[in-house]
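Note sheet for the following structure.
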Amino acid sequence: VSVSYFPKRNALCAAHLTLRVIACVLLLSTSAIAQKVGNAAEEDQYAFMEVSRDVVVKSDVFEQIALHELILARDGKGVFIGSGLPETRRPSHVEFLSLKNTGLSQRVTQIAHWQGLVGAPFACFWCNEAEGNNAKDNDTAGMEISILGAGPPHRVRIPSDPPISNIVAANWSRGFVVERIEKPIEGKGGDNVERLRLWDIETAELLQEFETVSSVAAVALSPDGRYLAAAGLPLQTSQPSEQPPNSKSAILTVWDTTTGEFVFARNMGYYVWNVQFSPSGDKLLCSGIADQFVAGKGVGYTDVITLSRPGWSWRYENETENWHPAAFYDENRVVVEGTASQVFLLDLRRSEVLTTLDTKQEGVAAFLIHDGFLLTGGFDGTLCRWRLEER
């Protein structure tokens with residue numbers, strides 16, 4: 001609305017102003033109504049339809065068993081599921097569920113405290129300790145990796161000195177695995193520094209070693225294997241004066257695996273439990289929960305960062321009861337967990353919620369997207385498969 005003042009034509013000016021104000025009000029009202037109608041139509045545009053609901057784990061000993069990890073088999077016909085107690089945030093057993101024949105799952109193995117379950121698109125890695133792994137100066141020392149799915153396990157041994165003991169990420173298309181190690185800091189007493197080491201599992205060659213500035217909680221390799229991302233809380237030191245500021249906030253760091261060079265780092269402002277690259281590798285997703293003394297209890301955050309401009313991110317904030325899992329549904333949409341077993345499908349381009357899914361599970365611990373389906377792993381030991389339909 002513009003206002004002009006003409007001393008000799010007050011009446012005409014007032015009438016002109018009144019008409020312009022009325023026109024603007026009508027225009028804004030019409031626009032608001034159209035926007036509400038459009039939003040209502042968009043809310044009904046998509047819906048998740050349930051395809052199957054399988055009881056993967058049912059425990060008579062513990063009240064709850066959560067499905068922490070969902071990893072696709074190499075042939076895409078089944079899912080390896082890492083299950084364990086809800087509060088641990090890591091699996092203690094591995095189950096296999098066929099996506100072709102629904103029903104009860106089959107237990108594969110039990111995970112020891114030093115083992116891990118990691119995956120990448122269309123691959124599942126099960127890391128076993130090889131014979132002689134603890135022996136020094138032994139040619140057989142190393143890590144044996146069993147790649148499961150699509151037939152008998154394919155085993156690869158990586159000899160190394162010191163032996164590999166903790167694999168935290170993998171990329172089967174490039175044959176890469178990432179190992180997390182701790183090394184003592186010289187002159188710092190009992191303080192340690194963490195490092196990530198990139199291995200080629202076919203040649204057993206150590207490709208790169210990266211020194212982190214955080215206690216790593218989440219690691220991811222890009223689909224083409226070019227970038228390595230890691231997030232975790234800042235490393236603590238023995239001297240209070242050396243404690244980093246805002247130490248309740250995770251630091252996200254990205255490296256170039258080809259050159260070994262540092263790409264960027266960001267202080268995310270919350271605990272990051274999940275890191276994932278988009279299908280193209282151009283975007284990076286972080287999700288987790290805020291410190292309750294800073295933001296209050298049950299506040300979850302999801303950030304999507306474009307690698308070409310890492311100083312900016314698309315952020316979504318909502319209430320959560322867990323550690324806020326999230327995943328790329330495709331290049332421009334993500335799914336995030338909310339309260340009361342809800343899942344939200346978000347559009348990154350329009351910054352809006354496309355649809356809300358009530359999984360009727362006792363909370364969602366993990367996601368897997370494959371072949372147009374969404375799989376949700378619950379805190380009640382169930383795995384649900386959903387199909388997104390456009391109405």
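Order determines the names: the first chain of the structure tokens is A, the second B, and so forth; residues in each chain are numbered 1 upward, and ligands are numbered 1 upward as they are shown.
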Would you list the contacts of stretch 341-352 of chain A as a PyMOL selection string, taking every protein, DNA or RNA residue within 6 Å and counting only C-alpha atoms, but skipping same-chain residues closer than 5 positions in sequence?
chain A and resi 332-336+357-363
Could you give me, as a PyMOL selection string, each residue of stretch 168-224 of chain A that DSSP assigns to strand (DSSP E) when run on this structure's backbone?
chain A and resi 168-171+176-184+192-200+205-211+214-221
To one decimal place in Å, what is the distance between atom CA of A:Leu196 and atom CA of A:Cys124?
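The value is 20.1 Å.
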Near stretch 375-386 of chain A, within 7 Å and counting only C-alpha atoms, which residues show up once chain neighbours fewer than 6 positions away are dropped, as a ChimeraX atom specification?
/A:48-58,64-67,86,361-369
Polymer residues at most 7 Å from stretch 259-262 of chain A, only C-alpha atoms, same-chain spacing of 4 or more positions, as a PyMOL selection string
chain A and resi 208+254-255
Please produce a file of the residues just selected, as a PDB file, in the first residue's frame, where the atoms kept are all heavy atoms.
ATOM      1  N   GLN A 208      43.794 -44.136   2.397  1.00  0.00           N
ATOM      2  CA  GLN A 208      43.891 -42.836   3.068  1.00  0.00           C
ATOM      3  C   GLN A 208      43.706 -43.020   4.566  1.00  0.00           C
ATOM      4  O   GLN A 208      43.087 -43.991   5.009  1.00  0.00           O
ATOM      5  CB  GLN A 208      42.829 -41.852   2.562  1.00  0.00           C
ATOM      6  CG  GLN A 208      42.857 -41.553   1.085  1.00  0.00           C
ATOM      7  CD  GLN A 208      44.021 -40.667   0.671  1.00  0.00           C
ATOM      8  OE1 GLN A 208      44.763 -40.146   1.515  1.00  0.00           O
ATOM      9  NE2 GLN A 208      44.179 -40.478  -0.635  1.00  0.00           N
ATOM     10  N   VAL A 254      33.847 -33.523   6.328  1.00  0.00           N
ATOM     11  CA  VAL A 254      33.827 -34.199   5.034  1.00  0.00           C
ATOM     12  C   VAL A 254      35.218 -34.125   4.414  1.00  0.00           C
ATOM     13  O   VAL A 254      35.859 -33.072   4.435  1.00  0.00           O
ATOM     14  CB  VAL A 254      32.782 -33.570   4.081  1.00  0.00           C
ATOM     15  CG1 VAL A 254      32.821 -34.237   2.711  1.00  0.00           C
ATOM     16  CG2 VAL A 254      31.383 -33.673   4.678  1.00  0.00           C
ATOM     17  N   TRP A 255      35.675 -35.288   3.877  1.00  0.00           N
ATOM     18  CA  TRP A 255      36.968 -35.360   3.201  1.00  0.00           C
ATOM     19  C   TRP A 255      36.790 -35.878   1.776  1.00  0.00           C
ATOM     20  O   TRP A 255      35.820 -36.580   1.469  1.00  0.00           O
ATOM     21  CB  TRP A 255      37.920 -36.307   3.923  1.00  0.00           C
ATOM     22  CG  TRP A 255      38.285 -35.943   5.317  1.00  0.00           C
ATOM     23  CD1 TRP A 255      39.321 -35.146   5.733  1.00  0.00           C
ATOM     24  CD2 TRP A 255      37.639 -36.392   6.515  1.00  0.00           C
ATOM     25  NE1 TRP A 255      39.355 -35.071   7.092  1.00  0.00           N
ATOM     26  CE2 TRP A 255      38.337 -35.828   7.604  1.00  0.00           C
ATOM     27  CE3 TRP A 255      36.543 -37.217   6.769  1.00  0.00           C
ATOM     28  CZ2 TRP A 255      37.965 -36.066   8.916  1.00  0.00           C
ATOM     29  CZ3 TRP A 255      36.166 -37.446   8.075  1.00  0.00           C
ATOM     30  CH2 TRP A 255      36.879 -36.875   9.136  1.00  0.00           C
TER      31      TRP A 255
END
What's the separation between atom CA of A:Gly298 and atom CA of A:Val275, in Å to one decimal place?
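The value is 19.5 Å.
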Using only C-alpha atoms, which protein or nucleic acid residues come within 9 Å of A:Glu194? Drop anything in the same chain fewer than 6 positions from it, and give the result as a list of chain:residue names.
A:Arg180, A:Ile181, A:Glu182, A:Lys183, A:Pro184, A:Phe210, A:Glu211, A:Thr212, A:Val213, A:Ser214, A:Ser215, A:Val216, A:Leu235
Selected residues written out with N, CA, C and O atoms, as a PDB file, in the first residue's frame:
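As a result, selection_32.pdb now contains:
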ATOM      1  N   ARG A 180      37.589 -47.388  11.945  1.00  0.00           N
ATOM      2  CA  ARG A 180      37.768 -46.372  12.995  1.00  0.00           C
ATOM      3  C   ARG A 180      38.767 -46.905  14.017  1.00  0.00           C
ATOM      4  O   ARG A 180      38.619 -48.012  14.524  1.00  0.00           O
ATOM      5  N   ILE A 181      39.795 -46.100  14.323  1.00  0.00           N
ATOM      6  CA  ILE A 181      40.813 -46.505  15.288  1.00  0.00           C
ATOM      7  C   ILE A 181      41.060 -45.360  16.263  1.00  0.00           C
ATOM      8  O   ILE A 181      40.701 -44.203  16.014  1.00  0.00           O
ATOM      9  N   GLU A 182      41.656 -45.700  17.389  1.00  0.00           N
ATOM     10  CA  GLU A 182      42.084 -44.703  18.372  1.00  0.00           C
ATOM     11  C   GLU A 182      43.588 -44.814  18.563  1.00  0.00           C
ATOM     12  O   GLU A 182      44.124 -45.918  18.661  1.00  0.00           O
ATOM     13  N   LYS A 183      44.237 -43.671  18.588  1.00  0.00           N
ATOM     14  CA  LYS A 183      45.675 -43.634  18.827  1.00  0.00           C
ATOM     15  C   LYS A 183      45.975 -42.673  19.967  1.00  0.00           C
ATOM     16  O   LYS A 183      45.348 -41.618  20.073  1.00  0.00           O
ATOM     17  N   PRO A 184      46.925 -43.035  20.842  1.00  0.00           N
ATOM     18  CA  PRO A 184      47.285 -42.125  21.929  1.00  0.00           C
ATOM     19  C   PRO A 184      47.977 -40.873  21.409  1.00  0.00           C
ATOM     20  O   PRO A 184      48.729 -40.923  20.435  1.00  0.00           O
ATOM     21  N   PHE A 210      42.520 -40.435   7.873  1.00  0.00           N
ATOM     22  CA  PHE A 210      41.991 -39.115   8.209  1.00  0.00           C
ATOM     23  C   PHE A 210      41.943 -38.949   9.725  1.00  0.00           C
ATOM     24  O   PHE A 210      41.418 -39.822  10.427  1.00  0.00           O
ATOM     25  N   GLU A 211      42.459 -37.839  10.206  1.00  0.00           N
ATOM     26  CA  GLU A 211      42.396 -37.548  11.634  1.00  0.00           C
ATOM     27  C   GLU A 211      41.133 -36.749  11.916  1.00  0.00           C
ATOM     28  O   GLU A 211      40.870 -35.729  11.284  1.00  0.00           O
ATOM     29  N   THR A 212      40.333 -37.218  12.870  1.00  0.00           N
ATOM     30  CA  THR A 212      39.079 -36.551  13.195  1.00  0.00           C
ATOM     31  C   THR A 212      39.265 -35.598  14.360  1.00  0.00           C
ATOM     32  O   THR A 212      40.238 -35.679  15.105  1.00  0.00           O
ATOM     33  N   VAL A 213      38.314 -34.677  14.499  1.00  0.00           N
ATOM     34  CA  VAL A 213      38.307 -33.755  15.640  1.00  0.00           C
ATOM     35  C   VAL A 213      37.158 -34.095  16.569  1.00  0.00           C
ATOM     36  O   VAL A 213      36.813 -33.312  17.445  1.00  0.00           O
ATOM     37  N   SER A 214      36.540 -35.265  16.358  1.00  0.00           N
ATOM     38  CA  SER A 214      35.372 -35.627  17.148  1.00  0.00           C
ATOM     39  C   SER A 214      35.407 -37.107  17.463  1.00  0.00           C
ATOM     40  O   SER A 214      36.124 -37.886  16.840  1.00  0.00           O
ATOM     41  N   SER A 215      34.609 -37.484  18.468  1.00  0.00           N
ATOM     42  CA  SER A 215      34.394 -38.892  18.778  1.00  0.00           C
ATOM     43  C   SER A 215      33.299 -39.395  17.846  1.00  0.00           C
ATOM     44  O   SER A 215      32.115 -39.112  18.040  1.00  0.00           O
ATOM     45  N   VAL A 216      33.668 -40.113  16.814  1.00  0.00           N
ATOM     46  CA  VAL A 216      32.786 -40.404  15.690  1.00  0.00           C
ATOM     47  C   VAL A 216      31.586 -41.242  16.126  1.00  0.00           C
ATOM     48  O   VAL A 216      31.741 -42.285  16.758  1.00  0.00           O
ATOM     49  N   LEU A 235      36.244 -34.148  20.604  1.00  0.00           N
ATOM     50  CA  LEU A 235      37.089 -34.954  21.468  1.00  0.00           C
ATOM     51  C   LEU A 235      37.383 -34.213  22.759  1.00  0.00           C
ATOM     52  O   LEU A 235      37.695 -33.018  22.757  1.00  0.00           O
TER      53      LEU A 235
END
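With only C-alpha atoms as the atoms that count, the residue of A:Val94, A:Gly84, A:Asn267, A:Glu179 with the shortest distance to A:Arg195 is A:Glu179.
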What's around A:Asp282 at 9 Å? Count only C-alpha atoms, leave out sequence neighbours fewer than 2 positions away in its own chain, and write the answer as an NGL selection string.
:A and (222 or 277-280 or 284 or 305-308 or 331)
Generate a file of the selected residues that holds N, CA and C atoms, formatted as a tab-separated table (two decimals), in the first residue's frame.
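Output below, filename part37.tsv:
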chain	number	residue	atom	x	y	z
A	222	SER	N	30.03	-41.60	0.08
A	222	SER	CA	29.15	-41.22	-1.01
A	222	SER	C	28.99	-42.39	-1.99
A	277	PHE	N	24.38	-39.88	2.42
A	277	PHE	CA	24.44	-39.15	1.16
A	277	PHE	C	23.19	-39.42	0.35
A	278	SER	N	22.81	-38.46	-0.50
A	278	SER	CA	21.69	-38.64	-1.40
A	278	SER	C	22.09	-39.61	-2.51
A	279	PRO	N	21.11	-40.13	-3.28
A	279	PRO	CA	21.45	-41.08	-4.35
A	279	PRO	C	22.47	-40.54	-5.34
A	280	SER	N	22.45	-39.24	-5.62
A	280	SER	CA	23.41	-38.65	-6.55
A	280	SER	C	24.75	-38.34	-5.90
A	284	LEU	N	23.97	-34.15	1.47
A	284	LEU	CA	24.34	-34.90	2.67
A	284	LEU	C	23.30	-34.62	3.75
A	305	ILE	N	22.40	-30.84	3.47
A	305	ILE	CA	23.45	-29.91	3.05
A	305	ILE	C	23.81	-30.20	1.59
A	306	THR	N	23.85	-29.16	0.78
A	306	THR	CA	24.34	-29.28	-0.58
A	306	THR	C	25.86	-29.13	-0.56
A	307	LEU	N	26.59	-30.11	-1.09
A	307	LEU	CA	28.04	-30.11	-0.95
A	307	LEU	C	28.70	-28.93	-1.65
A	308	SER	N	28.05	-28.38	-2.68
A	308	SER	CA	28.63	-27.24	-3.39
A	308	SER	C	28.55	-25.95	-2.60
A	331	GLU	N	16.07	-38.06	-4.39
A	331	GLU	CA	16.98	-36.91	-4.41
A	331	GLU	C	16.36	-35.66	-3.80
Kindly indicate which residue among A:Gly119, A:Arg197, A:Gly82, A:Ala73 lies nearest to A:Leu99, using only C-alpha atoms for the distances.
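So, comparing all the options, the nearest one is A:Ala73.
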Helix (DSSP H, G or I) residues, from DSSP on the backbone, in stretch 263-379 of chain A, as a PyMOL selection string:
chain A and resi 292-295
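Our summary of the geometry notes that atom CA of A:Tyr46 is positioned 25.8 Å from atom CA of A:Gly281.
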Which residues are near A:Asp291? Cut-off 10 Å, only C-alpha atoms, ignore same chain within fewer than 6 positions. Put them as a list in words.
Lys248, Ser249, Gly269, Tyr270, Tyr271, Lys297, Gly298, Val299 and Gly300 of chain A
Could you write those residues out with C-alpha atoms, as a PDB file, in the first residue's frame?
ATOM      1  CA  LYS A 248      27.285 -30.801  23.359  1.00  0.00           C
ATOM      2  CA  SER A 249      27.163 -30.160  19.611  1.00  0.00           C
ATOM      3  CA  GLY A 269      24.340 -27.642  17.072  1.00  0.00           C
ATOM      4  CA  TYR A 270      22.938 -31.023  18.199  1.00  0.00           C
ATOM      5  CA  TYR A 271      23.849 -34.694  18.671  1.00  0.00           C
ATOM      6  CA  LYS A 297      13.415 -32.605  25.791  1.00  0.00           C
ATOM      7  CA  GLY A 298      12.489 -34.417  22.601  1.00  0.00           C
ATOM      8  CA  VAL A 299      13.579 -31.923  19.928  1.00  0.00           C
ATOM      9  CA  GLY A 300      14.836 -33.495  16.724  1.00  0.00           C
TER      10      GLY A 300
END
Rank nothing, just name the residue among A:Val193, A:Met268, A:Ala170, A:Leu117 nearest to A:Leu228, using only C-alpha atoms.
A:Ala170
